[in-house]
Number of protein chains: 2
Amino acid sequence: MTHSEENYIKAIFHLGSQGEEVISTNAVAERMETKPSSVTDMMKKLSEKGLVHYKRYQGVSLTALGTKTALSIIRKHRLWEVFLVEKLDFTWDEVHEIAEQLEHIESEKLIDKLDELLSFPKFDPHGDPIPGKNGEFIERDNQLLSQIPIGSSAICVGVKDSSAVFLRFLDKNNIALGNKMKIVEKEEFDNSLRIYIDQRELNLSQQIASNLYVKMIKL
Amino acid sequence: MTHSEENYIKAIFHLGSQGEEVISTNAVAERMETKPSSVTDMMKKLSEKGLVHYKRYQGVSLTALGTKTALSIIRKHRLWEVFLVEKLDFTWDEVHEIAEQLEHIESEKLIDKLDELLSFPKFDPHGDPIPGKNGEFIERDNQLLSQIPIGSSAICVGVKDSSAVFLRFLDKNNIALGNKMKIVEKEEFDNSLRIYIDQRELNLSQQIASNLYVKMIKL
DNA sequence: TATATAATTTAGACAAATCTAAAAATATGT
DNA sequence: ACATATTTTTAGATTTGTCTAAATTATATA
Ligand SMILES: [Mn+2]
Ligand SMILES: [Mn+2]
Ligand SMILES: [Mn+2]
Ligand SMILES: [Mn+2]
């Protein structure tokens, strides 16, 4: 498989996990930052290789083989991200770009040895689950901070938007995975939240709150 | 730079270190396992980018920029090889192929951090010197075992042929970098050598002896 | 349901990296 | 020095991944 083919497979997988089962040509084009006509061409090729189900005008979805392939690429991507943070002291906002390159390195043994070196991590630096050799992985609690009731306490377990800008915003406000927070109040006007985190009081806009995954806890 | 361009630059560099200053189109083609016509096309492109000196029918050589580029790729290649052996327990016959892929990953910071993780190694698993950030590197003793006088003692410091077949042959005969050996006799008929290594007596064909780099030592 | 709008595909083009076959330049040997 | 052999380049084709513009199909709306 070429890098480009792998990137399309990954894009379809991610769009698929985000809700719909069948993905539109335009959705793939937007995510890949290419033109819809290029997507059509690629879908024909991936279809011939048995990686996607595709009928013209009907959208696209991954076959079992396509899903397996996607999980393997995502496994590589996320293991490399852990490596960069744990072994090379990169920050969580720096690793994605490099992992985009490293995910295409071909060597089953390499990735298994890397997994071992990192002590078989289950989550990447952004809290995303790392698929195992056979594609199995732990579903993370996918509750958003914006969705939990006022008064509850929760632990930060992941980010929905893992862009460098958002991650650096979190750093600046000392919000990290594992932090415990309590929702004090929701402002009716703009749905912003007032929370306690790490002995501090913080105001988070609705946009921030809807990009933080949390796990509710009892006190 | 594309992977292909980088591989051509590296090939020209290696051919250049092997003796001649100006490299022929055919030599590049043979090393890259491509056709001479493909080389001509690529030389025009690299020439326009200022990486090689090229005039038609006159062969090719690296510019200062080309040499710098080559050294950077070789630095990455060899650091990754050390990583694979030191951190992931690969054997020296397994690493070259994977390093061929990893050498094209783009990130200055990545490679500097890797260098640090590995404690700034000066040689790769095959005894080849690792260029530093600024292209400087330690010249290894490039004396071949086949060239040193009978009766002398030497330490094995590198391999000229680093193909997996040759490396596994060395493993099988317990010949490793750092081993001390003494040349006992050279057979006139086929130039094979009888040596002492590690308390053992061993017979090495001329072909073997002319692919092992050694450093002479006094007893 | 007819029509307008949006999504998707097709047709044709292009750049990159390769190839084969033929032409041109260079090197070699007597 | 001349003929021959070798090397190198050119010309034209192919594959991959992309694009634009036009045609087609599907969807939404009045
Ligand atoms: Mn990532
Ligand atoms: Mn990618
Ligand atoms: Mn190597
Ligand atoms: Mn390479």
# chains A, B, ... in the order shown; residues from 1 in each chain; ligands from 1

$ select_by_dssp --residues "region 115-160 of chain A" --states "helix (DSSP H, G or I)" --output "ChimeraX atom specification"
/A:115-117,145-147

$ interface_residues --of "chain D" --to "chain B" --cutoff "9 Å" --atoms "only C-alpha atoms (C1' of nucleotides)" --output "list in words"
DT7, DT8, DT9 and DT10 of chain D

$ write_last_selection --atoms "C-alpha atoms (C1' of nucleotides)" --output "PDB file, in the first residue's frame"
ATOM      1  C1'  DT D   7      28.123   5.115 -22.522  1.00  0.00           C
ATOM      2  C1'  DT D   8      24.883   8.556 -22.233  1.00  0.00           C
ATOM      3  C1'  DT D   9      21.089  11.148 -23.705  1.00  0.00           C
ATOM      4  C1'  DT D  10      16.690  11.947 -25.992  1.00  0.00           C
TER       5       DT D  10
END

$ residues_around --residues "DC14 (chain C)" --least-positions-apart "6" --cutoff "12 Å" --atoms "only C-alpha atoms (C1' of nucleotides)" --output "list in words"
DT16, DG17, DT18, DC19 and DT20 of chain D

$ residues_around --residues "DA11 (chain D)" --least-positions-apart "6" --cutoff "12 Å" --atoms "only C-alpha atoms (C1' of nucleotides)" --output "PDB file with all heavy atoms, in the first residue's frame"
ATOM      1  N   SER B  37      18.773   5.967 -18.259  1.00  0.00           N
ATOM      2  CA  SER B  37      17.945   7.087 -18.726  1.00  0.00           C
ATOM      3  C   SER B  37      17.209   7.753 -17.564  1.00  0.00           C
ATOM      4  O   SER B  37      17.012   8.969 -17.554  1.00  0.00           O
ATOM      5  CB  SER B  37      16.950   6.618 -19.783  1.00  0.00           C
ATOM      6  OG  SER B  37      16.190   5.527 -19.308  1.00  0.00           O
TER       7      SER B  37
ATOM      8  P    DT C  20      12.895  -1.524 -19.510  1.00  0.00           P
ATOM      9  OP1  DT C  20      12.742  -2.991 -19.384  1.00  0.00           O
ATOM     10  OP2  DT C  20      14.202  -0.889 -19.301  1.00  0.00           O
ATOM     11  O5'  DT C  20      12.387  -1.056 -20.957  1.00  0.00           O
ATOM     12  C5'  DT C  20      11.059  -1.299 -21.376  1.00  0.00           C
ATOM     13  C4'  DT C  20      10.923  -0.858 -22.829  1.00  0.00           C
ATOM     14  O4'  DT C  20      11.001   0.591 -22.912  1.00  0.00           O
ATOM     15  C3'  DT C  20      12.022  -1.396 -23.756  1.00  0.00           C
ATOM     16  O3'  DT C  20      11.423  -1.724 -25.003  1.00  0.00           O
ATOM     17  C2'  DT C  20      12.993  -0.235 -23.871  1.00  0.00           C
ATOM     18  C1'  DT C  20      12.050   0.974 -23.773  1.00  0.00           C
ATOM     19  N1   DT C  20      12.645   2.199 -23.192  1.00  0.00           N
ATOM     20  C2   DT C  20      12.453   3.403 -23.834  1.00  0.00           C
ATOM     21  O2   DT C  20      11.841   3.510 -24.870  1.00  0.00           O
ATOM     22  N3   DT C  20      13.017   4.487 -23.199  1.00  0.00           N
ATOM     23  C4   DT C  20      13.728   4.482 -22.024  1.00  0.00           C
ATOM     24  O4   DT C  20      14.186   5.520 -21.562  1.00  0.00           O
ATOM     25  C5   DT C  20      13.896   3.176 -21.397  1.00  0.00           C
ATOM     26  C7   DT C  20      14.657   3.064 -20.117  1.00  0.00           C
ATOM     27  C6   DT C  20      13.359   2.126 -22.006  1.00  0.00           C
ATOM     28  P    DA C  21      12.252  -2.472 -26.153  1.00  0.00           P
ATOM     29  OP1  DA C  21      11.305  -3.422 -26.769  1.00  0.00           O
ATOM     30  OP2  DA C  21      13.525  -2.940 -25.580  1.00  0.00           O
ATOM     31  O5'  DA C  21      12.559  -1.296 -27.182  1.00  0.00           O
ATOM     32  C5'  DA C  21      11.533  -0.358 -27.474  1.00  0.00           C
ATOM     33  C4'  DA C  21      12.057   0.682 -28.438  1.00  0.00           C
ATOM     34  O4'  DA C  21      12.621   1.792 -27.681  1.00  0.00           O
ATOM     35  C3'  DA C  21      13.183   0.208 -29.369  1.00  0.00           C
ATOM     36  O3'  DA C  21      12.999   0.838 -30.626  1.00  0.00           O
ATOM     37  C2'  DA C  21      14.448   0.669 -28.659  1.00  0.00           C
ATOM     38  C1'  DA C  21      13.972   1.999 -28.057  1.00  0.00           C
ATOM     39  N9   DA C  21      14.691   2.444 -26.869  1.00  0.00           N
ATOM     40  C8   DA C  21      15.229   1.672 -25.873  1.00  0.00           C
ATOM     41  N7   DA C  21      15.820   2.366 -24.924  1.00  0.00           N
ATOM     42  C5   DA C  21      15.648   3.684 -25.324  1.00  0.00           C
ATOM     43  C6   DA C  21      16.048   4.910 -24.750  1.00  0.00           C
ATOM     44  N6   DA C  21      16.720   5.005 -23.597  1.00  0.00           N
ATOM     45  N1   DA C  21      15.720   6.043 -25.399  1.00  0.00           N
ATOM     46  C2   DA C  21      15.055   5.953 -26.551  1.00  0.00           C
ATOM     47  N3   DA C  21      14.622   4.855 -27.198  1.00  0.00           N
ATOM     48  C4   DA C  21      14.960   3.742 -26.518  1.00  0.00           C
ATOM     49  P    DA C  22      14.024   0.635 -31.859  1.00  0.00           P
ATOM     50  OP1  DA C  22      13.173   0.419 -33.046  1.00  0.00           O
ATOM     51  OP2  DA C  22      15.086  -0.341 -31.493  1.00  0.00           O
ATOM     52  O5'  DA C  22      14.680   2.079 -31.994  1.00  0.00           O
ATOM     53  C5'  DA C  22      13.811   3.211 -32.045  1.00  0.00           C
ATOM     54  C4'  DA C  22      14.635   4.474 -32.045  1.00  0.00           C
ATOM     55  O4'  DA C  22      15.205   4.673 -30.723  1.00  0.00           O
ATOM     56  C3'  DA C  22      15.819   4.441 -33.018  1.00  0.00           C
ATOM     57  O3'  DA C  22      15.857   5.685 -33.704  1.00  0.00           O
ATOM     58  C2'  DA C  22      17.026   4.233 -32.120  1.00  0.00           C
ATOM     59  C1'  DA C  22      16.588   4.927 -30.838  1.00  0.00           C
ATOM     60  N9   DA C  22      17.222   4.436 -29.616  1.00  0.00           N
ATOM     61  C8   DA C  22      17.425   3.143 -29.224  1.00  0.00           C
ATOM     62  N7   DA C  22      18.025   3.021 -28.071  1.00  0.00           N
ATOM     63  C5   DA C  22      18.238   4.329 -27.676  1.00  0.00           C
ATOM     64  C6   DA C  22      18.835   4.885 -26.517  1.00  0.00           C
ATOM     65  N6   DA C  22      19.349   4.154 -25.529  1.00  0.00           N
ATOM     66  N1   DA C  22      18.882   6.237 -26.432  1.00  0.00           N
ATOM     67  C2   DA C  22      18.364   6.957 -27.420  1.00  0.00           C
ATOM     68  N3   DA C  22      17.781   6.552 -28.553  1.00  0.00           N
ATOM     69  C4   DA C  22      17.749   5.212 -28.614  1.00  0.00           C
ATOM     70  P    DA C  23      17.087   6.031 -34.751  1.00  0.00           P
ATOM     71  OP1  DA C  23      16.434   6.629 -35.931  1.00  0.00           O
ATOM     72  OP2  DA C  23      17.987   4.844 -34.879  1.00  0.00           O
ATOM     73  O5'  DA C  23      17.890   7.186 -34.002  1.00  0.00           O
ATOM     74  C5'  DA C  23      17.159   8.293 -33.474  1.00  0.00           C
ATOM     75  C4'  DA C  23      18.123   9.185 -32.713  1.00  0.00           C
ATOM     76  O4'  DA C  23      18.596   8.476 -31.534  1.00  0.00           O
ATOM     77  C3'  DA C  23      19.372   9.568 -33.508  1.00  0.00           C
ATOM     78  O3'  DA C  23      19.593  10.949 -33.287  1.00  0.00           O
ATOM     79  C2'  DA C  23      20.470   8.691 -32.910  1.00  0.00           C
ATOM     80  C1'  DA C  23      20.002   8.524 -31.477  1.00  0.00           C
ATOM     81  N9   DA C  23      20.423   7.304 -30.783  1.00  0.00           N
ATOM     82  C8   DA C  23      20.327   6.013 -31.222  1.00  0.00           C
ATOM     83  N7   DA C  23      20.774   5.127 -30.356  1.00  0.00           N
ATOM     84  C5   DA C  23      21.186   5.890 -29.272  1.00  0.00           C
ATOM     85  C6   DA C  23      21.756   5.550 -28.030  1.00  0.00           C
ATOM     86  N6   DA C  23      22.010   4.299 -27.650  1.00  0.00           N
ATOM     87  N1   DA C  23      22.046   6.568 -27.182  1.00  0.00           N
ATOM     88  C2   DA C  23      21.784   7.815 -27.561  1.00  0.00           C
ATOM     89  N3   DA C  23      21.253   8.259 -28.699  1.00  0.00           N
ATOM     90  C4   DA C  23      20.974   7.230 -29.522  1.00  0.00           C
TER      91       DA C  23
END

$ residues_near_ligand --ligand "ligand 2" --cutoff "7 Å" --atoms "only C-alpha atoms (C1' of nucleotides) and all ligand atoms" --output "JSON list (two decimals) with N, CA and C atoms, in the first residue's frame"
[["chain", "number", "residue", "atom", "x", "y", "z"],
["A", 3, "HIS", "N", 1.55, 5.39, 0.72],
["A", 3, "HIS", "CA", 1.21, 6.30, 1.81],
["A", 3, "HIS", "C", -0.16, 6.91, 1.56],
["A", 6, "GLU", "N", -2.98, 4.58, 2.31],
["A", 6, "GLU", "CA", -3.11, 4.42, 3.76],
["A", 6, "GLU", "C", -3.80, 5.62, 4.39],
["A", 7, "ASN", "N", -3.47, 6.82, 3.89],
["A", 7, "ASN", "CA", -4.09, 8.01, 4.46],
["A", 7, "ASN", "C", -5.59, 8.07, 4.17],
["A", 100, "GLU", "N", 2.47, 11.21, 11.78],
["A", 100, "GLU", "CA", 1.87, 11.09, 10.45],
["A", 100, "GLU", "C", 2.86, 10.49, 9.46],
["A", 101, "GLN", "N", 4.13, 10.79, 9.67],
["A", 101, "GLN", "CA", 5.15, 10.20, 8.81],
["A", 101, "GLN", "C", 5.49, 8.78, 9.27],
["A", 103, "GLU", "N", 3.88, 6.59, 10.90],
["A", 103, "GLU", "CA", 2.84, 5.56, 10.79],
["A", 103, "GLU", "C", 2.95, 4.75, 9.50],
["A", 104, "HIS", "N", 3.70, 5.25, 8.53],
["A", 104, "HIS", "CA", 3.79, 4.54, 7.25],
["A", 104, "HIS", "C", 5.00, 3.61, 7.15]]

$ closest_atom_pairs --of "chain C" --to "chain B" --cutoff "12 Å" --atoms "only C-alpha atoms (C1' of nucleotides)" --output "Markdown table"
| residue | atom | partner | partner_atom | distance |
| --- | --- | --- | --- | --- |
| C:DA16 | C1' | B:Thr2 | CA | 9.7 |
| C:DA17 | C1' | B:Ser38 | CA | 7.9 |
| C:DT18 | C1' | B:Ser38 | CA | 6.7 |
| C:DC19 | C1' | B:Lys35 | CA | 7.8 |
| C:DT20 | C1' | B:Ser37 | CA | 9.9 |
| C:DA21 | C1' | B:Ser37 | CA | 11.3 |
| C:DA24 | C1' | B:Tyr57 | CA | 10.5 |
| C:DA25 | C1' | B:Tyr57 | CA | 7.4 |
| C:DT26 | C1' | B:Tyr57 | CA | 7.8 |
| C:DA27 | C1' | B:Tyr57 | CA | 11.7 |

$ residues_near_ligand --ligand "ligand 3" --cutoff "12 Å" --atoms "only C-alpha atoms (C1' of nucleotides) and all ligand atoms" --output "PyMOL selection string"
chain B and resi 10+14+73-82+84-85+92-103+123-130+159-164+167

$ select_by_dssp --residues "region 6-211 of chain A" --states "strand (DSSP E)" --output "PyMOL selection string"
chain A and resi 52-54+60-62+143-144+153-159+180-186+193-197+200-204

$ write_last_selection --atoms "N, CA, C and O atoms" --output "compact mmCIF listing (two decimals), in the first residue's frame"
# COMPACT_ATOMS: atom_id res chain seq x y z
N VAL A 52 -12.48 -1.20 0.49
CA VAL A 52 -13.72 -0.45 0.76
C VAL A 52 -14.88 -1.02 -0.06
O VAL A 52 -14.66 -1.65 -1.11
N HIS A 53 -16.08 -0.81 0.46
CA HIS A 53 -17.30 -1.02 -0.32
C HIS A 53 -17.61 0.29 -1.01
O HIS A 53 -17.70 1.32 -0.35
N TYR A 54 -17.76 0.23 -2.32
CA TYR A 54 -18.02 1.48 -3.04
C TYR A 54 -18.89 1.21 -4.24
O TYR A 54 -18.60 0.32 -5.05
N VAL A 60 -19.06 5.47 0.62
CA VAL A 60 -18.04 4.46 0.79
C VAL A 60 -17.99 4.01 2.25
O VAL A 60 -18.35 4.76 3.15
N SER A 61 -17.61 2.75 2.46
CA SER A 61 -17.38 2.26 3.83
C SER A 61 -16.28 1.22 3.79
O SER A 61 -16.02 0.62 2.75
N LEU A 62 -15.63 1.01 4.92
CA LEU A 62 -14.51 0.07 4.96
C LEU A 62 -15.01 -1.38 4.96
O LEU A 62 -16.00 -1.71 5.60
N GLN A 143 -17.62 10.65 27.00
CA GLN A 143 -18.49 11.73 27.48
C GLN A 143 -17.74 13.04 27.40
O GLN A 143 -16.59 13.14 27.83
N LEU A 144 -18.42 14.06 26.90
CA LEU A 144 -17.78 15.37 26.82
C LEU A 144 -18.07 16.16 28.09
O LEU A 144 -19.14 16.00 28.69
N SER A 153 -18.38 15.56 39.53
CA SER A 153 -16.93 15.58 39.43
C SER A 153 -16.49 14.61 38.33
O SER A 153 -17.19 13.63 38.05
N ALA A 154 -15.36 14.89 37.73
CA ALA A 154 -14.92 14.07 36.61
C ALA A 154 -13.42 14.14 36.44
O ALA A 154 -12.77 15.07 36.94
N ILE A 155 -12.89 13.13 35.77
CA ILE A 155 -11.46 13.13 35.46
C ILE A 155 -11.31 13.35 33.96
O ILE A 155 -12.06 12.77 33.17
N CYS A 156 -10.35 14.17 33.60
CA CYS A 156 -10.09 14.44 32.19
C CYS A 156 -9.39 13.22 31.57
O CYS A 156 -8.35 12.80 32.05
N VAL A 157 -9.99 12.65 30.52
CA VAL A 157 -9.40 11.42 29.95
C VAL A 157 -8.99 11.54 28.48
O VAL A 157 -8.40 10.62 27.93
N GLY A 158 -9.33 12.66 27.85
CA GLY A 158 -8.93 12.77 26.45
C GLY A 158 -9.35 14.08 25.83
O GLY A 158 -10.06 14.86 26.44
N VAL A 159 -8.85 14.31 24.61
CA VAL A 159 -9.24 15.51 23.87
C VAL A 159 -9.89 15.09 22.56
O VAL A 159 -9.48 14.11 21.94
N LYS A 180 -8.47 16.03 37.97
CA LYS A 180 -9.82 15.91 38.50
C LYS A 180 -10.46 17.29 38.47
O LYS A 180 -9.81 18.29 38.79
N MET A 181 -11.72 17.36 38.09
CA MET A 181 -12.40 18.66 38.06
C MET A 181 -13.83 18.52 38.56
O MET A 181 -14.44 17.46 38.53
N LYS A 182 -14.38 19.63 39.07
CA LYS A 182 -15.76 19.65 39.54
C LYS A 182 -16.47 20.80 38.84
O LYS A 182 -15.96 21.92 38.80
N ILE A 183 -17.64 20.51 38.28
CA ILE A 183 -18.39 21.56 37.59
C ILE A 183 -19.24 22.32 38.60
O ILE A 183 -20.10 21.74 39.26
N VAL A 184 -18.98 23.61 38.71
CA VAL A 184 -19.66 24.43 39.71
C VAL A 184 -20.92 25.05 39.14
O VAL A 184 -21.97 25.06 39.78
N GLU A 185 -20.83 25.56 37.95
CA GLU A 185 -21.93 26.35 37.42
C GLU A 185 -21.88 26.38 35.90
O GLU A 185 -20.81 26.36 35.31
N LYS A 186 -23.04 26.41 35.30
CA LYS A 186 -23.08 26.61 33.84
C LYS A 186 -23.77 27.94 33.57
O LYS A 186 -24.88 28.18 34.05
N LEU A 193 -18.68 27.11 31.30
CA LEU A 193 -18.68 26.39 32.58
C LEU A 193 -17.71 27.03 33.56
O LEU A 193 -16.62 27.47 33.17
N ARG A 194 -18.12 27.04 34.83
CA ARG A 194 -17.16 27.40 35.86
C ARG A 194 -16.78 26.09 36.54
O ARG A 194 -17.66 25.35 37.00
N ILE A 195 -15.50 25.78 36.58
CA ILE A 195 -15.08 24.51 37.17
C ILE A 195 -13.98 24.74 38.20
O ILE A 195 -13.31 25.77 38.20
N TYR A 196 -13.86 23.78 39.10
CA TYR A 196 -12.71 23.73 39.99
C TYR A 196 -11.78 22.67 39.44
O TYR A 196 -12.19 21.56 39.12
N ILE A 197 -10.55 23.00 39.33
CA ILE A 197 -9.55 22.03 38.88
C ILE A 197 -8.25 22.35 39.60
O ILE A 197 -7.82 23.51 39.60
N ARG A 200 -7.89 25.33 41.69
CA ARG A 200 -8.12 26.62 41.03
C ARG A 200 -9.55 26.68 40.52
O ARG A 200 -10.18 25.66 40.27
N GLU A 201 -10.00 27.91 40.30
CA GLU A 201 -11.30 28.09 39.68
C GLU A 201 -11.03 28.51 38.24
O GLU A 201 -10.14 29.33 37.99
N LEU A 202 -11.80 27.98 37.31
CA LEU A 202 -11.50 28.23 35.89
C LEU A 202 -12.79 28.41 35.13
O LEU A 202 -13.81 27.77 35.44
N ASN A 203 -12.78 29.27 34.14
CA ASN A 203 -13.93 29.44 33.26
C ASN A 203 -13.64 28.86 31.88
O ASN A 203 -12.65 29.22 31.27
N LEU A 204 -14.48 27.93 31.45
CA LEU A 204 -14.25 27.30 30.15
C LEU A 204 -15.42 27.56 29.22
O LEU A 204 -16.58 27.31 29.58

$ interface_residues --of "chain A" --to "chain B" --cutoff "7 Å" --atoms "only C-alpha atoms" --output "PyMOL selection string"
chain A and resi 88+101+105+113-114+117

$ write_last_selection --atoms "all heavy atoms" --output "compact mmCIF listing (two decimals), in the first residue's frame"
# COMPACT_ATOMS: atom_id res chain seq x y z
N LEU A 88 11.42 10.50 24.06
CA LEU A 88 12.18 11.63 23.51
C LEU A 88 11.74 12.99 24.05
O LEU A 88 12.16 14.03 23.53
CB LEU A 88 12.12 11.61 21.98
CG LEU A 88 12.69 10.36 21.27
CD1 LEU A 88 12.73 10.59 19.76
CD2 LEU A 88 14.09 10.01 21.77
N GLN A 101 4.13 10.79 9.67
CA GLN A 101 5.15 10.20 8.81
C GLN A 101 5.49 8.78 9.27
O GLN A 101 5.59 7.85 8.48
CB GLN A 101 6.43 11.04 8.83
CG GLN A 101 6.26 12.46 8.33
CD GLN A 101 7.58 13.23 8.42
OE1 GLN A 101 8.58 12.87 7.81
NE2 GLN A 101 7.59 14.31 9.20
N ILE A 105 5.82 3.58 8.18
CA ILE A 105 6.99 2.69 8.18
C ILE A 105 6.50 1.24 8.23
O ILE A 105 5.67 0.88 9.06
CB ILE A 105 7.91 2.97 9.39
CG1 ILE A 105 8.39 4.42 9.38
CG2 ILE A 105 9.09 1.99 9.41
CD1 ILE A 105 9.33 4.77 8.26
N LYS A 113 8.13 -4.50 18.79
CA LYS A 113 9.24 -4.19 19.70
C LYS A 113 9.04 -2.84 20.36
O LYS A 113 9.36 -2.65 21.54
CB LYS A 113 10.56 -4.18 18.91
CG LYS A 113 11.05 -5.56 18.50
CD LYS A 113 11.59 -6.30 19.71
CE LYS A 113 12.42 -7.52 19.30
NZ LYS A 113 13.01 -8.17 20.49
N LEU A 114 8.52 -1.90 19.59
CA LEU A 114 8.25 -0.57 20.13
C LEU A 114 7.20 -0.67 21.23
O LEU A 114 7.34 -0.07 22.31
CB LEU A 114 7.75 0.32 19.00
CG LEU A 114 7.68 1.82 19.27
CD1 LEU A 114 9.06 2.39 19.55
CD2 LEU A 114 7.05 2.55 18.08
N LEU A 117 8.90 -1.93 24.23
CA LEU A 117 9.74 -0.89 24.85
C LEU A 117 8.92 0.07 25.68
O LEU A 117 9.35 0.56 26.73
CB LEU A 117 10.49 -0.10 23.75
CG LEU A 117 11.36 1.08 24.20
CD1 LEU A 117 12.63 0.60 24.89
CD2 LEU A 117 11.73 1.98 23.03

$ residues_around --residues "DA28 (chain D)" --least-positions-apart "5" --cutoff "10 Å" --atoms "only C-alpha atoms (C1' of nucleotides)" --output "list in words"
DA4, DT5 and DA6 of chain C

$ atom_distance --atom1 "CA of Asp141 (chain B)" --atom2 "CA of Lys215 (chain B)"
6.0 Å

$ atom_distance --atom1 "CA of Ser205 (chain A)" --atom2 "CA of Leu15 (chain A)"
25.5 Å

$ atom_distance --atom1 "CA of Leu118 (chain B)" --atom2 "CA of Gly135 (chain B)"
18.0 Å

$ residues_around --residues "DT10 (chain C)" --least-positions-apart "4" --cutoff "10 Å" --atoms "only C-alpha atoms (C1' of nucleotides)" --output "ChimeraX atom specification"
/A:37 /D:22-24
